[in-house]
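Structure file final_32.txt (compact mmCIF, C-alpha atoms) is printed below.
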```txt
# COMPACT_ATOMS: atom_id res chain seq x y z
CA MET W 230 -19.57 -13.69 -20.51
CA ASN W 231 -18.14 -14.18 -17.00
CA ARG W 232 -14.61 -12.74 -17.03
CA ALA W 233 -12.08 -11.96 -14.29
CA GLY W 234 -8.50 -10.98 -13.62
CA CYS W 235 -6.22 -12.26 -10.89
CA THR W 236 -2.79 -12.00 -9.33
CA ILE W 237 -0.72 -13.61 -6.55
CA VAL W 238 1.19 -11.93 -3.70
CA SER W 239 2.53 -12.49 -0.23
CA PRO W 240 1.49 -9.86 2.35
CA ASN W 241 4.58 -7.68 1.89
CA TYR W 242 3.63 -7.12 -1.77
CA PHE W 243 -0.02 -6.27 -1.17
CA ALA W 244 0.36 -2.61 -2.26
CA TYR W 245 1.29 -3.83 -5.74
CA ALA W 246 -1.79 -6.05 -5.88
CA ARG W 247 -4.05 -3.15 -4.89
CA THR W 248 -2.49 -0.96 -7.57
CA LEU W 249 -2.90 -3.60 -10.27
CA ALA W 250 -6.46 -4.44 -9.26
CA ALA W 251 -7.54 -0.81 -9.43
CA SER W 252 -5.99 -0.37 -12.88
CA TYR W 253 -7.51 -3.60 -14.23
CA LEU W 254 -11.00 -2.82 -12.95
CA THR W 255 -10.81 0.72 -14.30
CA GLN W 256 -10.36 -0.77 -17.77
CA HIS W 257 -12.77 -3.69 -17.19
CA PRO W 258 -15.46 -2.45 -14.78
CA SER W 259 -17.75 -5.45 -15.34
CA HIS W 260 -15.07 -7.97 -14.29
CA ARG W 261 -13.99 -9.22 -10.88
CA PHE W 262 -10.40 -9.23 -9.66
CA PHE W 263 -9.03 -11.91 -7.33
CA VAL W 264 -5.81 -11.80 -5.29
CA LEU W 265 -4.29 -14.98 -3.88
CA ILE W 266 -2.50 -14.36 -0.57
CA VAL W 267 0.45 -16.74 -0.28
CA ALA W 268 1.12 -16.99 3.44
CA ASN W 269 0.43 -19.25 6.39
CA LEU W 270 -2.79 -17.37 7.12
CA THR W 271 -6.49 -18.24 6.99
CA GLU W 272 -8.24 -14.97 7.88
CA ASP W 273 -8.92 -12.79 4.83
CA ALA W 274 -10.31 -9.73 6.63
CA PRO W 275 -7.02 -7.75 6.58
CA PHE W 276 -6.90 -8.09 2.79
CA HIS W 277 -10.31 -6.70 1.97
CA ALA W 278 -9.49 -3.48 0.17
CA ASP W 279 -11.16 -1.50 -2.57
CA VAL W 280 -13.06 -3.91 -4.81
CA LEU W 281 -10.60 -6.79 -5.08
CA THR W 282 -11.51 -10.23 -3.74
CA PRO W 283 -8.84 -11.88 -1.55
CA VAL W 284 -8.37 -15.66 -1.65
CA MET W 285 -6.31 -17.36 1.05
CA LEU W 286 -3.80 -20.06 0.14
CA PRO W 287 -5.49 -22.90 2.11
CA ALA W 288 -8.67 -22.37 0.05
CA ILE W 289 -7.34 -23.29 -3.40
CA GLY W 290 -7.08 -27.04 -2.88
CA LEU W 291 -3.36 -27.83 -2.65
CA ALA W 292 -2.95 -31.47 -1.66
CA ASP W 293 -0.18 -30.66 0.85
CA MET W 294 0.28 -26.94 1.38
CA TYR W 295 2.99 -27.26 4.04
CA SER W 296 5.13 -29.61 1.98
CA GLU W 297 4.99 -27.28 -1.02
CA ALA W 298 5.82 -24.32 1.22
CA MET W 299 8.86 -26.11 2.64
CA LYS W 300 10.09 -27.32 -0.74
CA TYR W 301 9.95 -23.87 -2.36
CA ASP W 302 11.14 -20.42 -1.32
CA ILE W 303 8.77 -17.44 -1.39
CA LEU W 304 9.29 -16.58 -5.07
CA GLU W 305 8.96 -20.20 -6.14
CA LEU W 306 5.83 -20.81 -4.08
CA ASN W 307 4.12 -17.65 -5.35
CA THR W 308 4.72 -18.67 -8.95
CA ASN W 309 4.14 -22.41 -8.66
CA VAL W 310 0.65 -22.20 -7.19
CA LYS W 311 -0.50 -20.20 -10.24
CA PRO W 312 -2.15 -23.05 -12.18
CA THR W 313 -3.80 -24.40 -9.01
CA PHE W 314 -5.19 -20.94 -8.25
CA MET W 315 -6.46 -20.46 -11.80
CA LYS W 316 -8.17 -23.87 -11.76
CA HIS W 317 -9.80 -22.96 -8.46
CA LEU W 318 -11.12 -19.63 -9.76
CA ILE W 319 -12.48 -21.07 -13.00
CA GLU W 320 -14.32 -23.85 -11.18
CA ALA W 321 -15.44 -22.00 -8.03
CA TYR W 322 -16.69 -18.88 -9.81
CA GLN W 323 -17.79 -20.48 -13.10
CA LEU W 324 -15.56 -18.18 -15.12
CA ASP W 325 -15.60 -18.26 -18.90
CA GLU W 326 -12.32 -16.37 -19.33
CA LEU W 327 -9.57 -15.64 -16.83
CA VAL W 328 -6.51 -13.37 -17.07
CA TYR W 329 -3.53 -13.71 -14.77
CA LEU W 330 -1.24 -10.68 -14.37
CA ASP W 331 1.84 -10.31 -12.17
CA PRO W 332 1.31 -7.82 -9.33
CA ASP W 333 3.92 -5.37 -10.70
CA ILE W 334 1.79 -4.73 -13.81
CA PHE W 335 -0.45 -1.75 -14.52
CA CYS W 336 -3.26 -1.72 -17.09
CA TYR W 337 -3.60 1.36 -19.30
CA ALA W 338 -6.26 0.20 -21.78
CA PRO W 339 -8.70 -2.72 -22.11
CA LEU W 340 -7.09 -6.04 -23.03
CA GLU W 341 -9.21 -6.34 -26.17
CA PRO W 342 -6.70 -8.35 -28.27
CA VAL W 343 -6.59 -10.95 -25.51
CA PHE W 344 -10.34 -11.36 -25.19
CA THR W 345 -10.78 -11.30 -28.97
CA ALA W 346 -8.37 -14.22 -29.24
CA LEU W 347 -10.17 -16.17 -26.51
CA THR W 348 -13.67 -15.60 -27.87
CA SER W 349 -12.38 -16.57 -31.33
CA GLY W 350 -11.45 -19.99 -29.97
CA ALA W 351 -7.98 -19.73 -28.42
CA THR W 352 -7.41 -22.11 -25.53
CA ALA W 353 -4.80 -19.85 -23.95
CA VAL W 354 -2.97 -16.64 -24.77
CA LEU W 355 0.75 -16.03 -24.23
CA THR W 356 3.13 -13.16 -24.99
CA PRO W 357 6.79 -13.72 -25.94
CA HIS W 358 9.57 -11.89 -24.13
CA LEU W 359 11.04 -10.79 -27.47
CA THR W 360 9.52 -10.27 -30.89
CA THR W 361 12.69 -9.04 -32.61
CA PRO W 362 16.28 -10.32 -32.40
CA ILE W 363 18.70 -8.68 -29.96
CA PHE W 364 22.38 -9.51 -29.56
CA ASP W 365 24.18 -6.37 -28.40
CA GLY W 366 26.09 -7.60 -25.36
CA PHE W 367 23.66 -6.12 -22.85
CA VAL W 368 21.32 -7.97 -20.48
CA PRO W 369 18.84 -9.41 -21.14
CA GLY W 370 19.43 -10.74 -24.61
CA GLU W 371 18.49 -13.84 -26.53
CA GLN W 372 20.68 -16.06 -24.35
CA GLU W 373 18.89 -14.92 -21.19
CA MET W 374 15.57 -15.75 -22.83
CA LEU W 375 16.83 -19.28 -23.52
CA TYR W 376 17.56 -19.46 -19.80
CA ASN W 377 14.35 -17.87 -18.51
CA GLY W 378 11.84 -18.99 -21.13
CA THR W 379 10.35 -17.89 -24.43
CA TYR W 380 7.12 -16.55 -22.92
CA ASN W 381 6.72 -14.22 -19.96
CA LEU W 382 4.35 -15.84 -17.49
CA GLY W 383 3.67 -12.56 -15.78
CA PHE W 384 0.71 -12.82 -18.12
CA ILE W 385 -1.45 -15.70 -19.28
CA ALA W 386 -5.13 -15.81 -20.23
CA LEU W 387 -7.33 -18.91 -20.52
CA ARG W 388 -10.76 -19.77 -21.83
CA LYS W 389 -12.76 -22.38 -19.92
CA CYS W 390 -12.74 -25.47 -22.13
CA GLU W 391 -11.54 -29.06 -21.97
CA GLU W 392 -8.20 -28.29 -23.61
CA ALA W 393 -7.48 -25.42 -21.21
CA MET W 394 -8.20 -27.63 -18.21
CA ARG W 395 -5.84 -30.25 -19.64
CA LEU W 396 -3.18 -27.56 -19.95
CA LEU W 397 -3.75 -26.42 -16.36
CA ASP W 398 -3.61 -29.99 -15.03
CA TRP W 399 -0.30 -30.62 -16.82
CA TRP W 400 1.18 -27.27 -15.78
CA GLU W 401 0.05 -27.70 -12.18
CA ARG W 402 1.74 -31.07 -11.86
CA ARG W 403 5.02 -29.76 -13.29
CA CYS W 404 4.95 -26.68 -11.04
CA LEU W 405 4.22 -28.59 -7.84
CA ASP W 406 6.76 -31.33 -8.58
CA LEU W 407 9.59 -29.46 -10.33
CA GLY W 408 8.98 -25.73 -10.05
CA PHE W 409 12.49 -24.86 -8.93
CA SER W 410 14.45 -21.78 -9.90
CA GLU W 411 17.34 -23.96 -11.00
CA GLY W 412 18.92 -22.90 -14.25
CA ARG W 413 21.53 -25.65 -14.30
CA THR W 414 18.79 -28.24 -14.78
CA GLY W 415 16.81 -26.16 -17.27
CA LEU W 416 14.13 -25.23 -14.73
CA PHE W 417 12.73 -21.78 -13.99
CA VAL W 418 9.68 -21.96 -11.72
CA ASP W 419 6.34 -21.96 -13.59
CA GLN W 420 7.62 -20.07 -16.62
CA LYS W 421 10.00 -22.40 -18.46
CA TRP W 422 7.39 -25.17 -18.76
CA MET W 423 5.26 -22.97 -20.97
CA ASN W 424 7.88 -23.26 -23.74
CA LEU W 425 6.28 -26.64 -24.40
CA ALA W 426 2.62 -25.59 -24.31
CA PRO W 427 2.14 -24.55 -27.97
CA GLY W 428 3.42 -27.95 -29.04
CA PHE W 429 1.44 -29.94 -26.47
CA PHE W 430 -1.97 -28.27 -26.62
CA ASP W 431 -4.29 -27.04 -29.35
CA GLY W 432 -5.25 -23.41 -29.60
CA VAL W 433 -2.40 -21.76 -27.69
CA ALA W 434 -2.26 -18.26 -29.21
CA VAL W 435 0.93 -16.19 -29.14
CA LEU W 436 0.19 -12.46 -29.37
CA ARG W 437 3.00 -10.21 -30.57
CA ASP W 438 1.05 -6.97 -30.05
CA PRO W 439 3.62 -4.43 -28.73
CA GLY W 440 1.03 -2.97 -26.37
CA LEU W 441 0.87 -6.20 -24.40
CA ASN W 442 3.46 -6.86 -21.70
CA MET W 443 5.84 -4.01 -22.44
CA ALA W 444 8.75 -4.39 -20.02
CA TYR W 445 12.50 -3.97 -19.57
CA TRP W 446 13.22 -7.07 -21.69
CA ASN W 447 11.64 -5.65 -24.87
CA LEU W 448 12.46 -1.94 -24.59
CA HIS W 449 14.89 -2.22 -27.50
CA GLU W 450 11.91 -2.82 -29.80
CA ARG W 451 9.26 -0.57 -28.23
CA GLU W 452 8.95 3.13 -27.51
CA LEU W 453 6.15 4.90 -25.65
CA VAL W 454 4.31 7.79 -27.20
CA ALA W 455 2.16 9.86 -24.82
CA GLU W 456 -1.32 10.65 -26.10
CA GLN W 457 -4.14 12.74 -24.66
CA HIS W 458 -5.89 9.70 -23.17
CA GLY W 459 -3.07 7.26 -22.55
CA TYR W 460 -0.07 5.87 -24.37
CA ASN W 461 0.69 4.27 -27.70
CA VAL W 462 3.57 1.91 -28.37
CA ALA W 463 5.66 2.47 -31.46
CA GLY W 464 7.56 -0.64 -32.47
CA THR W 465 10.71 -1.04 -34.52
CA GLN W 466 8.81 -3.05 -37.11
CA GLU W 467 6.79 -1.48 -39.91
CA ARG W 468 3.40 -1.41 -38.25
CA ALA W 469 1.12 1.26 -36.90
CA PRO W 470 1.48 2.18 -33.20
CA GLU W 471 -0.74 0.14 -30.86
CA PRO W 472 -2.34 1.30 -27.60
CA LEU W 473 -0.36 0.40 -24.50
CA ARG W 474 -2.54 -2.23 -22.84
CA PHE W 475 -0.31 -3.05 -19.88
CA PHE W 476 3.23 -2.33 -18.73
CA HIS W 477 5.16 -4.84 -16.63
CA PHE W 478 7.34 -2.95 -14.13
CA SER W 479 9.45 -6.01 -13.29
CA GLY W 480 12.51 -5.39 -11.13
CA ILE W 481 11.44 -1.88 -10.16
CA ASP W 482 12.32 -0.09 -6.93
CA THR W 483 9.36 2.19 -6.26
CA LYS W 484 11.29 4.18 -3.64
CA ASP W 485 14.05 5.08 -6.10
CA PRO W 486 12.96 7.82 -8.56
CA MET W 487 15.58 6.72 -11.12
CA SER W 488 14.97 2.97 -10.95
CA LEU W 489 14.02 1.28 -14.22
CA SER W 490 14.77 -2.36 -13.36
CA ARG W 491 17.49 -4.15 -11.43
CA ASN W 492 17.45 -6.85 -14.11
CA THR W 493 18.83 -4.93 -17.07
CA ASP W 494 21.89 -2.90 -18.01
CA ARG W 495 20.71 -2.00 -21.53
CA PHE W 496 18.81 1.13 -20.54
CA ALA W 497 18.70 3.53 -17.63
CA LEU W 498 15.62 5.61 -16.91
CA LYS W 499 17.57 8.83 -17.46
CA ASP W 500 18.27 7.68 -21.03
CA ARG W 501 14.61 6.92 -21.84
CA PRO W 502 12.60 10.15 -21.66
CA ASP W 503 9.59 8.30 -23.11
CA LEU W 504 9.41 6.19 -19.93
CA GLN W 505 10.03 8.77 -17.24
CA ALA W 506 6.45 9.98 -16.74
CA ILE W 507 4.89 6.52 -16.70
CA PHE W 508 7.46 5.24 -14.20
CA ALA W 509 7.02 8.25 -11.92
CA ASP W 510 3.23 7.85 -11.96
CA TYR W 511 3.40 4.11 -11.29
CA LYS W 512 5.82 4.50 -8.38
CA ALA W 513 3.57 7.14 -6.85
CA ALA W 514 0.52 4.89 -7.24
CA VAL W 515 2.19 1.96 -5.47
CA GLU W 516 3.51 4.16 -2.67
CA ALA W 517 0.04 5.65 -2.19
CA ASN W 518 -1.32 2.14 -1.66
CA ARG W 519 1.21 1.28 1.04
CA GLY W 520 0.42 1.42 4.72
CA SER W 521 -2.13 -1.37 4.92
CA ALA W 522 -1.90 -3.46 8.09
CA ALA W 523 -1.91 -6.50 5.82
CA GLU W 524 1.61 -5.71 4.58
CA ALA W 525 3.05 -6.28 8.06
CA LEU W 526 1.59 -9.77 8.40
CA SER W 527 4.09 -12.61 8.42
CA TYR W 528 4.69 -14.87 5.43
CA GLY W 529 4.88 -17.74 7.92
CA PHE W 530 6.80 -20.24 5.80
CA ASP W 531 10.34 -18.99 6.42
CA ALA W 532 11.07 -20.58 9.80
CA PHE W 533 10.40 -23.64 11.93
CA SER W 534 7.91 -23.23 14.76
CA ASP W 535 10.78 -22.45 17.19
CA GLY W 536 11.95 -19.56 15.01
CA THR W 537 14.92 -21.29 13.38
CA ALA W 538 15.26 -19.86 9.87
CA VAL W 539 14.77 -22.28 6.99
CA THR W 540 17.61 -22.09 4.46
CA ARG W 541 17.48 -22.74 0.72
CA LEU W 542 19.76 -25.75 1.23
CA ALA W 543 17.31 -27.23 3.75
CA ARG W 544 14.45 -26.72 1.29
CA ARG W 545 16.31 -28.49 -1.50
CA ILE W 546 17.26 -31.48 0.64
CA TYR W 547 13.65 -31.70 1.83
CA ALA W 548 12.48 -31.70 -1.80
CA LYS W 549 14.87 -34.55 -2.61
CA HIS W 550 13.68 -36.68 0.33
CA GLN W 551 10.13 -35.44 0.78
CA SER W 552 8.63 -38.91 1.07
CA HIS W 553 10.72 -39.60 4.21
CA PHE W 554 8.86 -36.83 6.00
CA SER W 555 5.33 -37.43 4.73
CA GLY W 556 2.47 -37.24 7.19
CA GLU W 557 3.89 -34.32 9.18
CA ASP W 558 4.00 -30.56 9.07
CA PRO W 559 7.68 -30.02 8.17
CA PHE W 560 7.71 -26.62 9.89
CA GLN W 561 7.16 -28.15 13.36
CA ALA W 562 10.34 -27.81 15.41
CA ASP W 563 9.80 -31.20 17.09
CA GLY W 564 9.13 -32.96 13.78
CA LYS W 565 11.34 -35.38 11.87
CA PHE W 566 12.50 -32.90 9.28
CA ALA W 567 13.45 -30.12 11.70
CA LYS W 568 15.50 -32.57 13.76
CA PHE W 569 17.16 -33.95 10.63
CA ALA W 570 17.97 -30.46 9.30
CA LYS W 571 19.49 -29.33 12.59
CA LYS W 572 21.51 -32.53 13.00
CA LEU W 573 23.12 -32.11 9.58
CA GLY W 574 23.68 -28.37 9.92
CA LEU W 575 21.29 -27.48 7.09
CA VAL W 576 19.92 -24.65 9.24
CA LYS W 577 21.54 -22.38 11.78
CA GLY W 578 20.13 -19.52 13.81
CA LYS W 579 16.95 -17.48 13.71
CA ILE W 580 18.02 -14.75 11.31
CA LYS W 581 16.58 -15.17 7.83
CA PRO W 582 19.49 -15.87 5.47
CA ALA W 583 20.20 -13.08 3.02
CA LYS W 584 19.81 -13.94 -0.64
CA GLN W 585 23.24 -14.29 -2.22
CA THR W 586 23.90 -13.09 -5.77
CA TRP W 587 26.94 -12.81 -8.03
CA ASN W 588 27.31 -9.25 -6.75
CA ASP W 589 28.34 -10.79 -3.41
CA PHE W 590 31.08 -12.90 -5.01
CA ASN W 591 34.65 -11.64 -4.68
CA PRO W 592 37.03 -13.46 -7.05
CA SER W 593 39.98 -11.98 -5.14
CA ASP W 594 38.92 -13.54 -1.83
CA ARG W 595 41.77 -15.65 -0.41
CA ARG W 596 39.43 -18.61 -0.03
CA VAL W 597 38.52 -18.41 -3.71
CA GLU W 598 42.19 -18.18 -4.66
CA ALA W 599 42.86 -21.27 -2.51
CA ILE W 600 40.21 -23.19 -4.44
CA HIS W 601 41.84 -22.12 -7.72
CA ARG W 602 45.18 -23.49 -6.50
CA MET W 603 43.50 -26.77 -5.57
CA LEU W 604 41.96 -27.03 -9.03
CA LYS W 605 45.33 -26.40 -10.69
CA LEU W 606 46.78 -29.21 -8.60
CA ALA W 607 43.87 -31.50 -9.50
CA LEU W 608 44.49 -30.83 -13.21
CA ARG W 609 48.15 -31.82 -12.90
CA VAL W 610 47.36 -34.94 -10.86
CA LEU W 611 44.33 -36.19 -12.80
CA GLY W 612 45.16 -35.08 -16.32
CA PRO W 613 42.75 -33.25 -18.64
CA ASP W 614 40.29 -36.11 -19.26
CA LYS W 615 39.64 -37.06 -15.63
CA TYR W 616 39.75 -33.39 -14.65
CA GLU W 617 36.88 -32.76 -17.06
CA LEU W 618 34.97 -35.61 -15.42
CA LEU W 619 35.62 -34.01 -12.01
CA MET W 620 34.21 -30.71 -13.30
CA ARG W 621 31.09 -32.51 -14.51
CA TYR W 622 30.65 -34.04 -11.07
CA LEU W 623 31.14 -30.69 -9.33
CA ALA W 624 28.54 -29.16 -11.66
CA HIS W 625 26.18 -31.99 -10.68
CA ILE W 626 26.51 -31.52 -6.95
CA ALA W 627 26.45 -27.73 -7.30
CA ILE W 628 22.70 -28.29 -7.71
CA LEU W 629 21.60 -28.22 -4.07
CA ARG W 630 19.12 -31.06 -4.45
CA ASN W 631 21.95 -33.34 -5.58
CA GLN W 632 24.02 -32.73 -2.47
CA SER W 633 21.98 -35.39 -0.72
CA VAL W 634 24.77 -37.82 -1.74
CA PHE W 635 26.68 -36.65 1.34
CA LEU W 636 23.86 -35.06 3.36
CA ASP W 637 21.40 -37.93 3.71
CA ASN W 638 22.88 -39.70 6.74
CA GLY W 639 20.27 -40.14 9.43
CA LEU W 640 17.21 -39.99 7.21
CA PRO W 641 14.12 -41.50 8.84
CA PRO W 642 12.60 -44.53 7.09
CA ASP W 643 10.69 -43.81 3.90
CA PRO W 644 7.05 -44.73 4.58
CA GLU W 645 6.38 -44.90 0.83
CA ARG W 646 8.87 -47.76 0.41
CA SER W 647 7.62 -49.66 3.44
CA ARG W 648 4.11 -50.10 2.00
```

For this file, produce the structure as structure tokens.
Amino acid sequence: MNRAGCTIVSPNYFAYARTLAASYLTQHPSHRFFVLIVANLTEDAPFHADVLTPVMLPAIGLADMYSEAMKYDILELNTNVKPTFMKHLIEAYQLDELVYLDPDIFCYAPLEPVFTALTSGATAVLTPHLTTPIFDGFVPGEQEMLYNGTYNLGFIALRKCEEAMRLLDWWERRCLDLGFSEGRTGLFVDQKWMNLAPGFFDGVAVLRDPGLNMAYWNLHERELVAEQHGYNVAGTQERAPEPLRFFHFSGIDTKDPMSLSRNTDRFALKDRPDLQAIFADYKAAVEANRGSAAEALSYGFDAFSDGTAVTRLARRIYAKHQSHFSGEDPFQADGKFAKFAKKLGLVKGKIKPAKQTWNDFNPSDRRVEAIHRMLKLALRVLGPDKYELLMRYLAHIAILRNQSVFLDNGLPPDPERSR
């Protein structure tokens, strides 16, 4: 049986990949472990470390790597090339079974339930975010799972078979065409699509084993119990404890001793003594793997060739009008897209734009208050029915891709339409 594990990182996250690979191969010494490097690089020598096998992005067979890299930001690109990478590994290395794990995972015991499911005939194996209800007012809860997806795609395993390749083909097309992190349209990179997989494809197994994919989102239903040779997971349901197979340290800050995850307010590490040792050990392991020259290498898809930083707005407008810029590398500063983006003010300056979150929003800002006054006036002038229609329109154009209605002046001819 030819089995392997894999993950995907950009150079700045390489220490996590090294940590994961070592833990996976400790539990599965007869397997191989592959790491896809998502960056505008071709030389793999800097990424040869330990016993992992690096794979460079140009090698996996994307039809138009530069277009995908312009359309998506770094998180989106790393997640959306997942099915293409898995197809490449299965075909190039004649793998019978393949496990994908996010780089911020650590394996503590062999993934026997996964391989048992695959050898018993499962096409693919998924794990749900939640296996028990939770509605306590903290984040994340059931509503967040409706937003982010039923299954956590930090893990998926596949068996080489016709049905699995059909699943990968379908998933690949959706990821490369519509893999946006765009909650208003029901999209969340590669993950949300997998909600549909158990209904579309035969043999998709959903494993509810509490030792698989333990993470901040399911801590309300799982508790760690330290044993002499590892950890067990005691669940809230009436079942015997299971060995901890892998923990997903999503949202962690390895430099902060008290960090549990930036994505939850339900638990703090100081309130979970069962987690403190495993978090301390994991953070130390990642930090010990830092310092590789590979981590300093550039991502290469965050600026035009003249250094002008590419903004999220520019990426979304490119995605909307991609066919107008076909046949060129969109990162070239003298190309059609760079000129178009600069003319319309979609980009400005050479400093990479900081990611904005709700934590940066100040409802007391005078500009925000001015908008509120304008909306009150609009309600009085339009009346409630037309005001509701206005709100629907504003929600529509709040999706950056839809702002092309007033940002598409000066588009070059569409070569697809001229054929």

Checklist entry - Which residue, W:Phe344, W:Trp446, W:Phe409, W:Phe243, has the smallest gap to W:Thr361 when you use all atoms listed in the file? => result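 Of W:Phe344, W:Trp446, W:Phe409, W:Phe243, the one nearest W:Thr361, counting all atoms listed in the file, is W:Trp446.
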
Item to check | Straight-line distance linking atom CA of W:Ser527 with atom CA of W:Thr236, stated in Å to one decimal | outcome: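 For atom CA of W:Ser527 relative to atom CA of W:Thr236, the distance reads 19.0 Å.
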
Checklist entry - W:Ala532, W:Ile385, W:Ala506, W:Val433: which is nearest W:Leu330, counting only C-alpha atoms? => result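 Smallest distance to W:Leu330 is found for W:Ile385.
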
Item to check | Separation of atom CA of W:Arg437 from atom CA of W:Ile363, in Å and rounded to one decimal | outcome: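 Going from atom CA of W:Arg437 over to atom CA of W:Ile363, I get 15.8 Å.
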
Next on the checklist: Report, in Å with one decimal, the straight-line distance from atom CA of W:Phe533 to atom CA of W:Lys581.
Outcome noted: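 Value for the atom CA of W:Phe533-atom CA of W:Lys581 distance: 11.3 Å.
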
Exercise: stretch 603-606 of chain W partners within 10 Å, all atoms listed in the file, chain neighbours under 6 positions left out, as an mmCIF file with C-alpha atoms, keeping the file's coordinate frame:
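What landed in result-v9.cif:
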```
data_model
loop_
_atom_site.group_PDB
_atom_site.id
_atom_site.type_symbol
_atom_site.label_atom_id
_atom_site.label_comp_id
_atom_site.auth_asym_id
_atom_site.auth_seq_id
_atom_site.Cartn_x
_atom_site.Cartn_y
_atom_site.Cartn_z
ATOM 1 C CA VAL W 597 38.520 -18.410 -3.710
ATOM 2 C CA GLY W 612 45.160 -35.080 -16.320
ATOM 3 C CA TYR W 616 39.750 -33.390 -14.650
ATOM 4 C CA LEU W 619 35.620 -34.010 -12.010
ATOM 5 C CA MET W 620 34.210 -30.710 -13.300
#
```

Checklist entry - Which residues, written as a count of residues only, have at least one atom at most 12 Å from W:Asp333, with only C-alpha atoms counted and residues fewer than 2 positions away on the same chain left out? => result 38
